[in-house]
$ cat upload.cif   # mmCIF, C-alpha atoms
data_protein
#
loop_
_atom_site.label_atom_id
_atom_site.label_comp_id
_atom_site.auth_asym_id
_atom_site.auth_seq_id
_atom_site.Cartn_x
_atom_site.Cartn_y
_atom_site.Cartn_z
CA MET A 1373 -9.73 65.82 -31.01
CA ALA A 1374 -10.85 64.89 -27.50
CA GLU A 1375 -14.54 65.68 -27.50
CA GLU A 1376 -16.39 66.06 -24.28
CA VAL A 1377 -20.13 65.69 -24.65
CA LYS A 1378 -22.50 65.60 -21.70
CA LEU A 1379 -26.27 65.52 -21.63
CA PHE A 1380 -28.31 66.60 -18.63
CA GLY A 1381 -31.70 64.92 -18.83
CA ILE A 1382 -34.56 63.17 -17.13
CA ARG A 1383 -35.24 59.55 -17.93
CA GLY A 1384 -38.93 59.85 -18.71
CA SER A 1385 -38.72 63.19 -20.54
CA PRO A 1386 -39.54 63.27 -24.26
CA PHE A 1387 -37.32 66.34 -24.55
CA SER A 1388 -34.12 64.75 -23.29
CA HIS A 1389 -35.03 61.62 -25.25
CA ARG A 1390 -34.90 63.65 -28.47
CA ILE A 1391 -31.32 64.59 -27.78
CA GLU A 1392 -30.24 61.04 -26.94
CA ILE A 1393 -31.70 59.77 -30.20
CA ALA A 1394 -29.94 62.41 -32.26
CA LEU A 1395 -26.60 61.72 -30.55
CA LYS A 1396 -27.03 57.97 -30.97
CA LEU A 1397 -28.04 58.30 -34.63
CA LYS A 1398 -24.86 60.23 -35.23
CA GLY A 1399 -22.71 57.86 -33.23
CA VAL A 1400 -21.65 60.58 -30.78
CA SER A 1401 -20.32 59.32 -27.44
CA TYR A 1402 -21.66 61.22 -24.50
CA GLU A 1403 -21.96 61.11 -20.76
CA TYR A 1404 -25.54 61.15 -19.51
CA ILE A 1405 -26.32 62.92 -16.27
CA GLU A 1406 -29.72 62.26 -14.72
CA GLU A 1407 -31.23 65.32 -13.09
CA ASP A 1408 -33.73 65.45 -10.27
CA LEU A 1409 -36.20 68.23 -11.02
CA GLN A 1410 -37.15 68.49 -7.35
CA ASN A 1411 -33.51 69.02 -6.51
CA LYS A 1412 -31.75 70.59 -9.46
CA SER A 1413 -27.99 70.23 -9.51
CA PRO A 1414 -25.70 73.29 -9.29
CA LEU A 1415 -24.39 72.28 -12.72
CA LEU A 1416 -27.84 72.48 -14.31
CA LEU A 1417 -28.43 75.88 -12.74
CA LYS A 1418 -25.02 76.98 -13.98
CA TYR A 1419 -25.49 75.70 -17.53
CA ASN A 1420 -29.09 76.78 -17.98
CA PRO A 1421 -29.51 79.78 -15.71
CA VAL A 1422 -32.32 81.24 -17.81
CA HIS A 1423 -34.75 78.32 -17.73
CA LYS A 1424 -33.15 75.91 -15.23
CA LYS A 1425 -34.53 73.04 -17.32
CA ILE A 1426 -33.38 69.93 -19.06
CA PRO A 1427 -32.21 68.97 -21.56
CA VAL A 1428 -28.89 70.75 -21.65
CA LEU A 1429 -26.09 69.60 -23.90
CA LEU A 1430 -22.57 70.45 -22.85
CA HIS A 1431 -20.01 70.28 -25.65
CA ASN A 1432 -16.43 70.90 -24.66
CA GLY A 1433 -17.65 72.97 -21.73
CA LYS A 1434 -20.14 75.05 -23.75
CA PRO A 1435 -23.79 74.62 -22.82
CA ILE A 1436 -26.72 74.59 -25.22
CA ALA A 1437 -30.34 74.58 -24.01
CA GLU A 1438 -33.80 74.13 -25.62
CA SER A 1439 -34.31 70.79 -27.32
CA ILE A 1440 -34.82 71.92 -30.91
CA VAL A 1441 -31.92 74.38 -30.62
CA ILE A 1442 -29.80 71.46 -29.38
CA LEU A 1443 -30.96 69.23 -32.25
CA GLU A 1444 -29.94 71.87 -34.79
CA TYR A 1445 -26.59 72.25 -33.03
CA ILE A 1446 -26.00 68.50 -33.14
CA GLU A 1447 -26.90 68.45 -36.83
CA GLU A 1448 -24.46 71.23 -37.62
CA THR A 1449 -21.64 69.84 -35.51
CA TRP A 1450 -21.72 66.13 -36.36
CA LYS A 1451 -22.30 65.52 -40.03
CA THR A 1452 -22.93 61.73 -40.01
CA ASN A 1453 -26.51 60.60 -40.66
CA PRO A 1454 -28.12 63.99 -41.26
CA ILE A 1455 -31.44 64.54 -39.52
CA LEU A 1456 -32.34 67.56 -41.62
CA PRO A 1457 -32.54 67.68 -45.43
CA ALA A 1458 -29.70 69.30 -47.36
CA ASP A 1459 -32.02 71.45 -49.47
CA PRO A 1460 -32.88 74.80 -47.78
CA TYR A 1461 -36.55 74.60 -48.78
CA GLU A 1462 -36.96 71.06 -47.46
CA ARG A 1463 -35.13 72.17 -44.34
CA ALA A 1464 -37.57 75.05 -43.84
CA ILE A 1465 -40.46 72.62 -44.20
CA ALA A 1466 -38.94 70.29 -41.60
CA ARG A 1467 -38.48 73.21 -39.20
CA PHE A 1468 -42.08 74.22 -39.81
CA TRP A 1469 -43.36 70.80 -38.78
CA ALA A 1470 -41.05 70.59 -35.76
CA LYS A 1471 -42.44 73.94 -34.58
CA PHE A 1472 -46.00 72.86 -35.31
CA LEU A 1473 -45.47 69.74 -33.24
CA ASP A 1474 -44.08 71.60 -30.27
CA ASP A 1475 -46.30 74.68 -30.38
CA LYS A 1476 -49.62 73.09 -31.30
CA CYS A 1477 -49.71 69.31 -31.13
CA MET A 1478 -47.84 68.57 -27.96
CA LEU A 1479 -49.72 70.99 -25.74
CA ALA A 1480 -53.05 70.21 -27.35
CA ALA A 1481 -52.58 66.45 -26.97
CA TRP A 1482 -51.44 66.83 -23.37
CA ASN A 1483 -54.37 69.11 -22.54
CA ALA A 1484 -56.81 66.76 -24.18
CA CYS A 1485 -55.64 63.86 -22.07
CA TRP A 1486 -55.70 65.75 -18.79
CA ALA A 1487 -58.68 68.00 -19.40
CA LYS A 1488 -61.48 68.14 -16.88
CA GLU A 1489 -64.79 66.59 -17.95
CA LYS A 1490 -66.43 69.72 -19.35
CA GLU A 1491 -63.37 70.91 -21.24
CA ARG A 1492 -62.46 67.51 -22.59
CA GLU A 1493 -64.55 67.51 -25.75
CA LYS A 1494 -63.17 70.80 -26.99
CA ALA A 1495 -59.62 69.86 -26.05
CA MET A 1496 -59.95 66.51 -27.84
CA GLU A 1497 -61.26 68.27 -30.93
CA GLU A 1498 -58.31 70.64 -30.98
CA ALA A 1499 -55.83 67.85 -30.45
CA SER A 1500 -57.48 65.75 -33.17
CA GLU A 1501 -57.17 68.65 -35.60
CA GLY A 1502 -53.45 68.69 -34.94
CA LEU A 1503 -53.09 64.97 -35.51
CA LYS A 1504 -55.17 65.21 -38.67
CA THR A 1505 -52.87 67.91 -40.01
CA LEU A 1506 -49.85 65.74 -39.22
CA GLU A 1507 -51.39 62.79 -40.96
CA GLY A 1508 -51.94 64.98 -44.01
CA GLU A 1509 -48.27 65.85 -44.04
CA LEU A 1510 -47.12 62.27 -43.64
CA LYS A 1511 -49.22 61.04 -46.61
CA ASP A 1512 -47.40 58.09 -48.15
CA LYS A 1513 -44.02 58.61 -46.53
CA LYS A 1514 -42.71 56.09 -44.07
CA PHE A 1515 -41.34 58.81 -41.84
CA PHE A 1516 -41.65 62.59 -41.81
CA GLY A 1517 -37.99 62.53 -42.82
CA GLY A 1518 -38.78 60.30 -45.82
CA ASP A 1519 -37.22 56.86 -45.82
CA LYS A 1520 -35.18 57.59 -42.76
CA VAL A 1521 -35.94 59.05 -39.35
CA GLY A 1522 -35.34 62.79 -39.37
CA MET A 1523 -35.61 65.69 -36.95
CA VAL A 1524 -39.40 65.91 -37.31
CA ASP A 1525 -39.78 62.23 -36.42
CA ILE A 1526 -37.46 62.69 -33.46
CA VAL A 1527 -39.50 65.65 -32.21
CA ALA A 1528 -42.75 63.74 -32.86
CA THR A 1529 -41.70 60.74 -30.79
CA PHE A 1530 -43.83 62.09 -27.96
CA ILE A 1531 -46.86 61.23 -30.10
CA ALA A 1532 -45.63 57.78 -30.99
CA PHE A 1533 -44.73 56.80 -27.46
CA TRP A 1534 -45.63 59.26 -24.73
CA LEU A 1535 -49.11 60.03 -25.99
CA THR A 1536 -50.01 56.39 -26.38
CA ALA A 1537 -48.88 55.79 -22.79
CA VAL A 1538 -50.90 58.74 -21.42
CA GLN A 1539 -53.94 57.67 -23.43
CA GLU A 1540 -53.84 54.26 -21.88
CA VAL A 1541 -53.72 55.65 -18.35
CA VAL A 1542 -56.40 58.32 -18.67
CA GLY A 1543 -58.63 56.37 -21.03
CA ALA A 1544 -58.50 58.83 -23.92
CA ASP A 1545 -58.63 57.63 -27.50
CA LEU A 1546 -56.87 60.37 -29.35
CA LEU A 1547 -54.49 58.40 -31.58
CA THR A 1548 -56.12 55.22 -32.78
CA PRO A 1549 -55.64 53.15 -35.96
CA GLU A 1550 -59.26 53.85 -36.87
CA LYS A 1551 -59.06 57.62 -36.53
CA PHE A 1552 -55.55 58.16 -37.89
CA PRO A 1553 -54.38 55.04 -39.72
CA ILE A 1554 -51.36 56.66 -41.39
CA LEU A 1555 -50.14 58.37 -38.22
CA PHE A 1556 -50.75 55.23 -36.20
CA LYS A 1557 -48.71 53.12 -38.62
CA TRP A 1558 -45.95 55.73 -38.52
CA SER A 1559 -45.94 55.59 -34.71
CA GLU A 1560 -45.50 51.82 -34.78
CA ASP A 1561 -42.75 52.02 -37.40
CA LEU A 1562 -40.95 54.73 -35.43
CA VAL A 1563 -41.08 52.94 -32.11
CA GLY A 1564 -40.02 49.78 -33.93
CA CYS A 1565 -36.79 51.37 -35.25
CA PRO A 1566 -33.90 49.77 -33.37
CA ILE A 1567 -32.24 53.03 -32.45
CA ILE A 1568 -35.50 54.46 -31.11
CA LYS A 1569 -36.67 51.24 -29.48
CA GLU A 1570 -33.40 50.65 -27.63
CA ASN A 1571 -33.42 54.14 -26.19
CA LEU A 1572 -36.98 54.68 -25.10
CA PRO A 1573 -37.63 54.80 -21.38
CA PRO A 1574 -39.46 51.75 -20.06
CA ARG A 1575 -43.17 52.12 -20.78
CA ASP A 1576 -43.94 51.09 -17.16
CA LEU A 1577 -41.99 54.07 -15.94
CA LEU A 1578 -44.17 56.38 -17.98
CA THR A 1579 -47.47 54.74 -17.13
CA ALA A 1580 -46.51 54.70 -13.44
CA ASN A 1581 -45.72 58.43 -13.57
CA PHE A 1582 -48.97 59.18 -15.36
CA ARG A 1583 -50.98 57.05 -12.96
CA ALA A 1584 -49.46 58.90 -10.03
CA ARG A 1585 -50.39 62.17 -11.67
CA LEU A 1586 -53.92 60.97 -12.31
CA GLU A 1587 -54.32 59.92 -8.69
CA SER A 1588 -53.03 63.19 -7.33
CA SER A 1589 -55.42 65.15 -9.56
CA LYS A 1590 -58.49 63.40 -8.10
CA MET B 111 -30.20 85.52 -59.82
CA ALA B 112 -32.04 85.29 -63.13
CA GLY B 113 -35.51 83.84 -63.11
CA GLU B 114 -36.01 84.24 -59.35
CA CYS B 115 -39.49 85.01 -58.19
CA VAL B 116 -39.89 86.11 -54.62
CA GLN B 117 -43.28 87.03 -53.26
CA PHE B 118 -43.99 88.17 -49.75
CA LEU B 119 -47.44 88.00 -48.18
CA GLY B 120 -47.61 90.42 -45.28
CA PHE B 121 -49.69 92.82 -43.29
CA TRP B 122 -48.40 96.32 -42.59
CA ALA B 123 -48.89 96.18 -38.82
CA SER B 124 -47.74 92.63 -38.32
CA PRO B 125 -44.64 92.38 -36.15
CA SER B 126 -43.60 89.02 -37.51
CA ALA B 127 -44.02 90.22 -41.10
CA LEU B 128 -41.65 93.09 -40.30
CA ARG B 129 -38.94 90.59 -39.38
CA VAL B 130 -39.09 89.11 -42.86
CA VAL B 131 -39.13 92.52 -44.54
CA TRP B 132 -35.99 93.49 -42.61
CA ALA B 133 -34.28 90.26 -43.68
CA LEU B 134 -35.24 90.78 -47.33
CA LYS B 135 -34.02 94.38 -47.30
CA LEU B 136 -30.77 93.59 -45.49
CA LYS B 137 -29.99 91.03 -48.16
CA GLY B 138 -31.04 93.32 -50.99
CA ILE B 139 -33.54 90.79 -52.34
CA ASP B 140 -36.07 91.92 -54.96
CA TYR B 141 -39.54 90.80 -54.10
CA GLU B 142 -43.18 91.42 -54.79
CA HIS B 143 -45.06 92.65 -51.73
CA ILE B 144 -48.60 91.35 -51.43
CA GLU B 145 -50.52 93.12 -48.70
CA GLU B 146 -53.07 90.91 -46.99
CA ASP B 147 -56.33 92.01 -45.42
CA LEU B 148 -56.44 89.86 -42.32
CA LEU B 149 -60.21 90.26 -42.05
CA ASN B 150 -60.58 88.99 -45.58
CA LYS B 151 -57.76 86.57 -46.26
CA SER B 152 -56.89 86.01 -49.88
CA PRO B 153 -57.14 82.63 -51.61
CA LEU B 154 -53.39 82.95 -52.13
CA LEU B 155 -52.72 83.12 -48.39
CA LEU B 156 -55.03 80.20 -47.68
CA LYS B 157 -53.31 78.23 -50.41
CA TYR B 158 -49.77 79.02 -49.29
CA ASN B 159 -50.32 78.69 -45.54
CA PRO B 160 -53.19 76.24 -45.18
CA VAL B 161 -52.10 75.11 -41.73
CA HIS B 162 -52.09 78.49 -39.96
CA LYS B 163 -53.64 80.84 -42.55
CA LYS B 164 -51.36 83.59 -41.28
CA VAL B 165 -48.83 86.08 -42.52
CA PRO B 166 -45.98 86.30 -43.17
CA VAL B 167 -45.46 83.82 -45.98
CA LEU B 168 -42.55 83.90 -48.38
CA VAL B 169 -43.10 82.30 -51.74
CA HIS B 170 -39.86 81.55 -53.56
CA ASN B 171 -40.25 80.32 -57.12
CA GLY B 172 -43.73 79.14 -56.23
CA LYS B 173 -42.73 77.34 -53.05
CA PRO B 174 -44.17 78.75 -49.82
CA VAL B 175 -42.38 79.06 -46.47
CA ALA B 176 -44.34 80.10 -43.37
CA GLU B 177 -43.41 81.18 -39.81
CA SER B 178 -41.33 84.34 -39.66
CA LEU B 179 -38.18 82.95 -38.04
CA ILE B 180 -38.16 79.90 -40.28
CA ILE B 181 -38.50 82.24 -43.25
CA VAL B 182 -35.57 84.35 -42.02
CA GLU B 183 -33.38 81.24 -41.64
CA TYR B 184 -34.42 80.15 -45.12
CA ILE B 185 -33.54 83.54 -46.56
CA ASP B 186 -30.17 83.37 -44.82
CA GLU B 187 -29.44 79.94 -46.28
CA VAL B 188 -30.46 80.75 -49.83
CA TRP B 189 -29.01 84.26 -50.18
CA LYS B 190 -25.49 84.23 -48.80
CA GLN B 191 -24.69 87.96 -48.80
CA ASN B 192 -24.82 89.82 -45.45
CA PRO B 193 -25.16 86.71 -43.30
CA LEU B 194 -27.73 87.04 -40.53
CA LEU B 195 -26.81 83.99 -38.50
CA PRO B 196 -23.27 83.39 -37.27
CA GLN B 197 -21.19 80.70 -38.98
CA ASP B 198 -20.13 78.92 -35.81
CA PRO B 199 -22.66 76.27 -34.63
CA TYR B 200 -22.36 77.30 -30.98
CA GLU B 201 -22.97 80.97 -31.78
CA ARG B 202 -25.89 79.92 -33.97
CA ALA B 203 -27.32 77.92 -31.08
CA LYS B 204 -27.02 80.96 -28.79
CA ALA B 205 -28.80 83.13 -31.37
CA ARG B 206 -31.63 80.62 -31.74
CA PHE B 207 -31.87 80.33 -27.95
CA TRP B 208 -32.36 84.08 -27.49
CA VAL B 209 -34.87 84.34 -30.24
CA LYS B 210 -36.92 81.53 -28.71
CA PHE B 211 -36.65 83.15 -25.29
CA ALA B 212 -37.87 86.46 -26.65
CA ASP B 213 -40.87 84.93 -28.36
CA GLU B 214 -41.86 82.52 -25.61
CA LYS B 215 -41.12 84.57 -22.50
CA VAL B 216 -40.86 88.27 -23.28
CA VAL B 217 -43.79 88.51 -25.67
CA PRO B 218 -46.50 86.87 -23.52
CA ASP B 219 -45.63 89.16 -20.59
CA MET B 220 -45.80 92.16 -22.87
CA VAL B 221 -49.15 91.01 -24.22
CA SER B 222 -50.44 90.71 -20.64
CA THR B 223 -49.19 94.21 -19.87
CA PHE B 224 -51.05 95.45 -22.91
CA MET B 225 -54.29 93.65 -22.15
CA LYS B 226 -54.53 94.21 -18.42
CA THR B 227 -55.23 97.19 -16.24
CA GLY B 228 -54.43 98.41 -12.76
CA GLU B 229 -52.49 96.13 -10.47
CA GLU B 230 -52.53 93.22 -12.87
CA LYS B 231 -50.98 95.46 -15.51
CA GLU B 232 -48.21 96.51 -13.15
CA LYS B 233 -47.53 92.90 -12.22
CA ALA B 234 -47.33 91.90 -15.89
CA ALA B 235 -45.06 94.86 -16.65
CA LYS B 236 -42.72 93.83 -13.84
CA ALA B 237 -42.56 90.28 -15.22
CA ALA B 238 -41.92 91.68 -18.70
CA ARG B 239 -39.10 93.86 -17.37
CA GLU B 240 -37.49 90.83 -15.73
CA CYS B 241 -37.59 88.93 -18.99
CA LEU B 242 -36.23 91.92 -20.88
CA LYS B 243 -33.41 92.15 -18.37
CA THR B 244 -32.60 88.49 -19.00
CA LEU B 245 -32.73 89.14 -22.75
CA GLU B 246 -30.20 91.92 -22.22
CA SER B 247 -27.66 89.30 -21.14
CA GLY B 248 -27.59 88.15 -24.75
CA LEU B 249 -26.01 91.46 -25.67
CA GLU B 250 -22.25 91.64 -25.49
CA GLU B 251 -20.98 94.83 -23.93
CA GLY B 252 -19.19 96.95 -26.48
CA LYS B 253 -21.07 95.41 -29.39
CA GLN B 254 -23.72 97.46 -31.11
CA PHE B 255 -26.04 94.63 -31.95
CA PHE B 256 -26.95 91.15 -30.77
CA GLY B 257 -25.27 90.09 -34.00
CA GLY B 258 -22.05 91.88 -33.00
CA GLU B 259 -20.89 94.65 -35.34
CA ALA B 260 -23.61 93.94 -37.86
CA ILE B 261 -27.33 93.35 -37.52
CA GLY B 262 -28.09 89.66 -37.13
CA PHE B 263 -30.82 87.14 -36.60
CA VAL B 264 -31.52 88.07 -33.00
CA ASP B 265 -31.71 91.80 -33.77
CA ILE B 266 -34.25 91.14 -36.51
CA ALA B 267 -36.26 88.76 -34.35
CA VAL B 268 -36.25 90.96 -31.27
CA GLY B 269 -36.39 94.35 -32.99
CA TRP B 270 -40.13 94.51 -33.30
CA ILE B 271 -40.44 93.62 -29.62
CA GLY B 272 -38.57 96.83 -28.98
CA ILE B 273 -40.98 98.78 -31.21
CA TRP B 274 -43.96 97.21 -29.58
CA ALA B 275 -42.55 97.85 -26.12
CA ARG B 276 -42.51 101.54 -26.96
CA ILE B 277 -46.12 101.38 -28.12
CA VAL B 278 -47.22 99.57 -24.96
CA GLU B 279 -45.24 102.02 -22.81
CA LYS B 280 -47.06 104.90 -24.42
CA LEU B 281 -50.54 103.42 -24.50
CA LYS B 282 -50.44 101.79 -21.08
CA ASP B 283 -48.22 104.25 -19.21
CA VAL B 284 -45.70 101.66 -18.05
CA SER B 285 -41.99 101.28 -18.31
CA LEU B 286 -40.67 98.25 -20.15
CA VAL B 287 -37.28 98.86 -21.75
CA ASP B 288 -36.06 100.85 -18.81
CA GLU B 289 -32.90 102.88 -19.40
CA GLU B 290 -31.72 102.71 -15.83
CA THR B 291 -32.07 99.02 -15.21
CA MET B 292 -31.35 97.86 -18.78
CA PRO B 293 -28.85 100.34 -20.17
CA LEU B 294 -27.47 97.95 -22.80
CA LEU B 295 -30.87 96.89 -24.10
CA HIS B 296 -32.08 100.46 -24.10
CA ALA B 297 -29.03 101.60 -26.06
CA TRP B 298 -29.39 98.69 -28.46
CA LEU B 299 -33.02 99.59 -29.18
CA GLN B 300 -32.17 103.24 -29.78
CA ASN B 301 -29.39 102.27 -32.20
CA PHE B 302 -31.26 99.55 -33.97
CA LEU B 303 -34.36 101.60 -34.73
CA GLU B 304 -32.21 104.40 -36.18
CA VAL B 305 -30.38 102.22 -38.69
CA PRO B 306 -31.73 103.58 -42.02
CA ILE B 307 -32.58 100.23 -43.58
CA ILE B 308 -34.46 99.24 -40.41
CA LYS B 309 -36.11 102.60 -39.86
CA GLU B 310 -37.53 102.92 -43.35
CA CYS B 311 -39.43 99.64 -43.01
CA ILE B 312 -41.18 100.58 -39.78
CA PRO B 313 -44.72 101.82 -40.35
CA PRO B 314 -45.37 105.42 -39.22
CA TRP B 315 -45.56 105.61 -35.41
CA ASP B 316 -48.90 107.37 -35.26
CA LYS B 317 -50.43 104.77 -37.55
CA LEU B 318 -49.03 101.98 -35.34
CA LEU B 319 -50.28 103.69 -32.20
CA GLN B 320 -53.72 104.12 -33.72
CA HIS B 321 -53.82 100.53 -34.85
CA ASN B 322 -52.86 99.21 -31.43
CA LYS B 323 -55.21 101.62 -29.69
CA GLY B 324 -57.90 99.94 -31.73
CA TYR B 325 -57.19 96.66 -29.95
CA LEU B 326 -57.44 98.39 -26.57
CA VAL B 327 -60.84 99.78 -27.46
CA LYS B 328 -61.99 96.33 -28.48
CA LEU B 329 -60.75 94.93 -25.18
CA THR B 330 -62.62 97.52 -23.13
CA PRO B 331 -65.87 98.13 -24.99
CA ASP B 332 -67.22 100.35 -22.27
CA SER B 333 -64.38 102.86 -22.48
CA THR B 334 -64.86 106.15 -24.28
#
$ encode --input "upload.cif" --output "structure tokens"
Amino acid sequence: MAEEVKLFGIRGSPFSHRIEIALKLKGVSYEYIEEDLQNKSPLLLKYNPVHKKIPVLLHNGKPIAESIVILEYIEETWKTNPILPADPYERAIARFWAKFLDDKCMLAAWNACWAKEKEREKAMEEASEGLKTLEGELKDKKFFGGDKVGMVDIVATFIAFWLTAVQEVVGADLLTPEKFPILFKWSEDLVGCPIIKENLPPRDLLTANFRARLESSK
Amino acid sequence: MAGECVQFLGFWASPSALRVVWALKLKGIDYEHIEEDLLNKSPLLLKYNPVHKKVPVLVHNGKPVAESLIIVEYIDEVWKQNPLLPQDPYERAKARFWVKFADEKVVPDMVSTFMKTGEEKEKAAKAARECLKTLESGLEEGKQFFGGEAIGFVDIAVGWIGIWARIVEKLKDVSLVDEETMPLLHAWLQNFLEVPIIKECIPPWDKLLQHNKGYLVKLTPDST
């Protein structure tokens, strides 16, 4: 069957990165289309009229938006190398952690890094709580998915890579080996995985973007 | 199934708990209802949802699942009768998309409408109506429910938003699910809330109004 798979993304975005990883893990061929958020293409507006955001996956002409919704779609459509457990209970737990990451950790970590002086302490505390909870869940597993990278790890890549880049630029020390040894080790293992490593955006791109943002906020 | 133990930790006025109750009832699942006092959370709740300490929680054979929509998906995967999510992956993705949209866009605007007064309230209500109008596009003309001919995942997820919209409309004197501008959504809400299995799970309206009025009083301590 002639499959047509396209991904609309942004090179430095952790959200479009998630989708690329899932597609690559499953060996799905796709065409990548880089979007310019300052100048969104008519196709993006057509395929995601509600949010007008990336990532959008287009499969045989049918668009799917929202990164975790896309990940679940990919999992259900291409059965190679599952990223979710087969057992419904384990699957529910994975979904729980993916939601926790997106709803609590990501925003909290981002806020903590960019917070103004007087709000920083509180924001750091909140973000640290989130990381602590994650570390508790990881325990003695190599990845959140167990021995292999799973959906939770894919969603959490922003911690392993993006957060460490932001931290460096703004001088925050949220994720350190001293504070969160298990999570830190996990982040190194994750970023060290060939399929993740080969598909991460260049770190310089991220740090350059973050530096620009830091400058403009002064 | 023999030897199944299903416990549900809920709170009568909780919108997200209602989603799970609807799912359990639609599937005809026997369960033990444990009513939580949110001002005095039970050790059981703290044990089964240590991360958020919130209802609803479903405990199936001793194993807890938290977050209402995750619970509903779990229920759908374990108990196969009366499927709530479509079979086709693309249709499933659309359902999940709308549910996420409702929770992340519609609800915050409705909360703002509820919490604000005067011009700010009107502005929030307008934003809420725009989101509701967008949500309406998830409804297929000619189909009774978001799920098509039968109640599905989106109906269950969005249903309480409809109930709450009515409460906000009454307490704040605004229009949210407007019949003229959102005829399909309006009709869907009317239908959905009248389905017996849905209706019988909804707490009494006056009790819900009273409960929500309580929040308004807390927000404006100087009001009489």
$ closest_atom_pairs --input "upload.cif" --of "chain A" --to "chain B" --cutoff "10 Å" --atoms "only C-alpha atoms" --output "tab-separated table"
residue	atom	partner	partner_atom	distance
A:Pro1421	CA	B:Thr244	CA	9.8
A:Val1422	CA	B:Thr244	CA	7.4
A:His1423	CA	B:Phe211	CA	9.2
A:His1431	CA	B:Tyr200	CA	9.1
A:Lys1434	CA	B:Tyr200	CA	7.9
A:Pro1435	CA	B:Tyr200	CA	8.7
A:Ile1436	CA	B:Ala203	CA	6.8
A:Ala1437	CA	B:Phe207	CA	7.1
A:Glu1438	CA	B:Phe207	CA	6.9
A:Ser1439	CA	B:Phe207	CA	9.9
A:Ile1440	CA	B:Arg206	CA	9.3
A:Val1441	CA	B:Ala203	CA	5.8
A:Ile1442	CA	B:Ala203	CA	7.1
A:Leu1443	CA	B:Ala203	CA	9.5
A:Glu1444	CA	B:Ala203	CA	7.6
A:Tyr1445	CA	B:Pro199	CA	5.8
A:Ile1446	CA	B:Pro199	CA	8.6
A:Glu1447	CA	B:Pro199	CA	9.2
A:Glu1448	CA	B:Pro199	CA	6.1
A:Thr1449	CA	B:Pro199	CA	6.6
A:Asp1459	CA	B:Glu187	CA	9.4
A:Pro1460	CA	B:Tyr184	CA	6.2
A:Tyr1461	CA	B:Tyr184	CA	7.0
A:Glu1462	CA	B:Val175	CA	9.7
A:Arg1463	CA	B:Tyr184	CA	8.0
A:Ala1464	CA	B:Ile180	CA	6.0
A:Ile1465	CA	B:Val175	CA	7.1
A:Ala1466	CA	B:Ile180	CA	9.7
A:Arg1467	CA	B:Ile180	CA	6.8
A:Phe1468	CA	B:Ile180	CA	6.9
A:Lys1471	CA	B:Glu177	CA	9.0
A:Phe1472	CA	B:Val161	CA	9.1
A:Gly1502	CA	B:Val161	CA	9.4
A:Thr1505	CA	B:Val161	CA	7.4
A:Leu1506	CA	B:Val161	CA	10.0
$ resolve_selection --input "upload.cif" --expression "the PyMOL selection byres ((chain B and resi 232) around 12)" --output "PyMOL selection string"
chain B and resi 219-220+222-231+233-239+279+282-286
$ residues_near_point --input "upload.cif" --point "(-46.2, 87.0, -36.3)" --cutoff "10 Å" --atoms "all atoms listed in the file" --output "PyMOL selection string"
chain B and resi 120-121+123-130+164-166+177-179+213
$ residues_around --input "upload.cif" --residues "segment 1475-1484 of chain A" --least-positions-apart "4" --cutoff "10 Å" --atoms "all atoms listed in the file" --output "ChimeraX atom specification"
/A:1469-1471,1488,1491-1503,1505-1506,1527-1528,1530-1531,1534-1535,1538-1539,1544-1547
$ closest_residue --input "upload.cif" --among "A:Lys1490, A:Leu1510, A:Asn1581, A:Met1523" --to "Ser1559 of chain A" --atoms "all atoms listed in the file"
A:Leu1510
$ atom_distance --input "upload.cif" --atom1 "atom CA of Thr1452 of chain A" --atom2 "atom CA of Ile1391 of chain A"
15.1 Å
$ residues_near_point --input "upload.cif" --point "(-46.9, 54.4, -46.8)" --cutoff "9 Å" --atoms "only C-alpha atoms" --output "PyMOL selection string"
chain A and resi 1510-1515+1554+1557-1558
$ atom_distance --input "upload.cif" --atom1 "atom CA of Cys311 of chain B" --atom2 "atom CA of Tyr141 of chain B"
14.2 Å
$ resolve_selection --input "upload.cif" --expression "the PyMOL selection byres ((chain B and resi 115) around 7)" --output "MDAnalysis selection string"
chainID B and resid 113:114 116:117 170:171
$ build_atoms --input "upload.cif" --residues "segment 304-308 of chain B" --atoms "N, CA, C and O atoms" --output "short mmCIF file (atom, residue, chain, number, x, y, z; two decimals), keeping the file's coordinate frame"
data_model
loop_
_atom_site.label_atom_id
_atom_site.label_comp_id
_atom_site.auth_asym_id
_atom_site.auth_seq_id
_atom_site.Cartn_x
_atom_site.Cartn_y
_atom_site.Cartn_z
N GLU B 304 -32.71 103.27 -35.38
CA GLU B 304 -32.21 104.40 -36.18
C GLU B 304 -31.45 103.97 -37.42
O GLU B 304 -31.16 104.78 -38.29
N VAL B 305 -31.09 102.69 -37.50
CA VAL B 305 -30.38 102.22 -38.69
C VAL B 305 -31.30 102.44 -39.89
O VAL B 305 -32.43 101.95 -39.90
N PRO B 306 -30.85 103.19 -40.91
CA PRO B 306 -31.73 103.58 -42.02
C PRO B 306 -32.54 102.44 -42.63
O PRO B 306 -33.77 102.55 -42.76
N ILE B 307 -31.89 101.32 -42.91
CA ILE B 307 -32.58 100.23 -43.58
C ILE B 307 -33.67 99.62 -42.69
O ILE B 307 -34.67 99.08 -43.16
N ILE B 308 -33.47 99.74 -41.37
CA ILE B 308 -34.46 99.24 -40.41
C ILE B 308 -35.58 100.26 -40.28
O ILE B 308 -36.77 99.93 -40.38
#
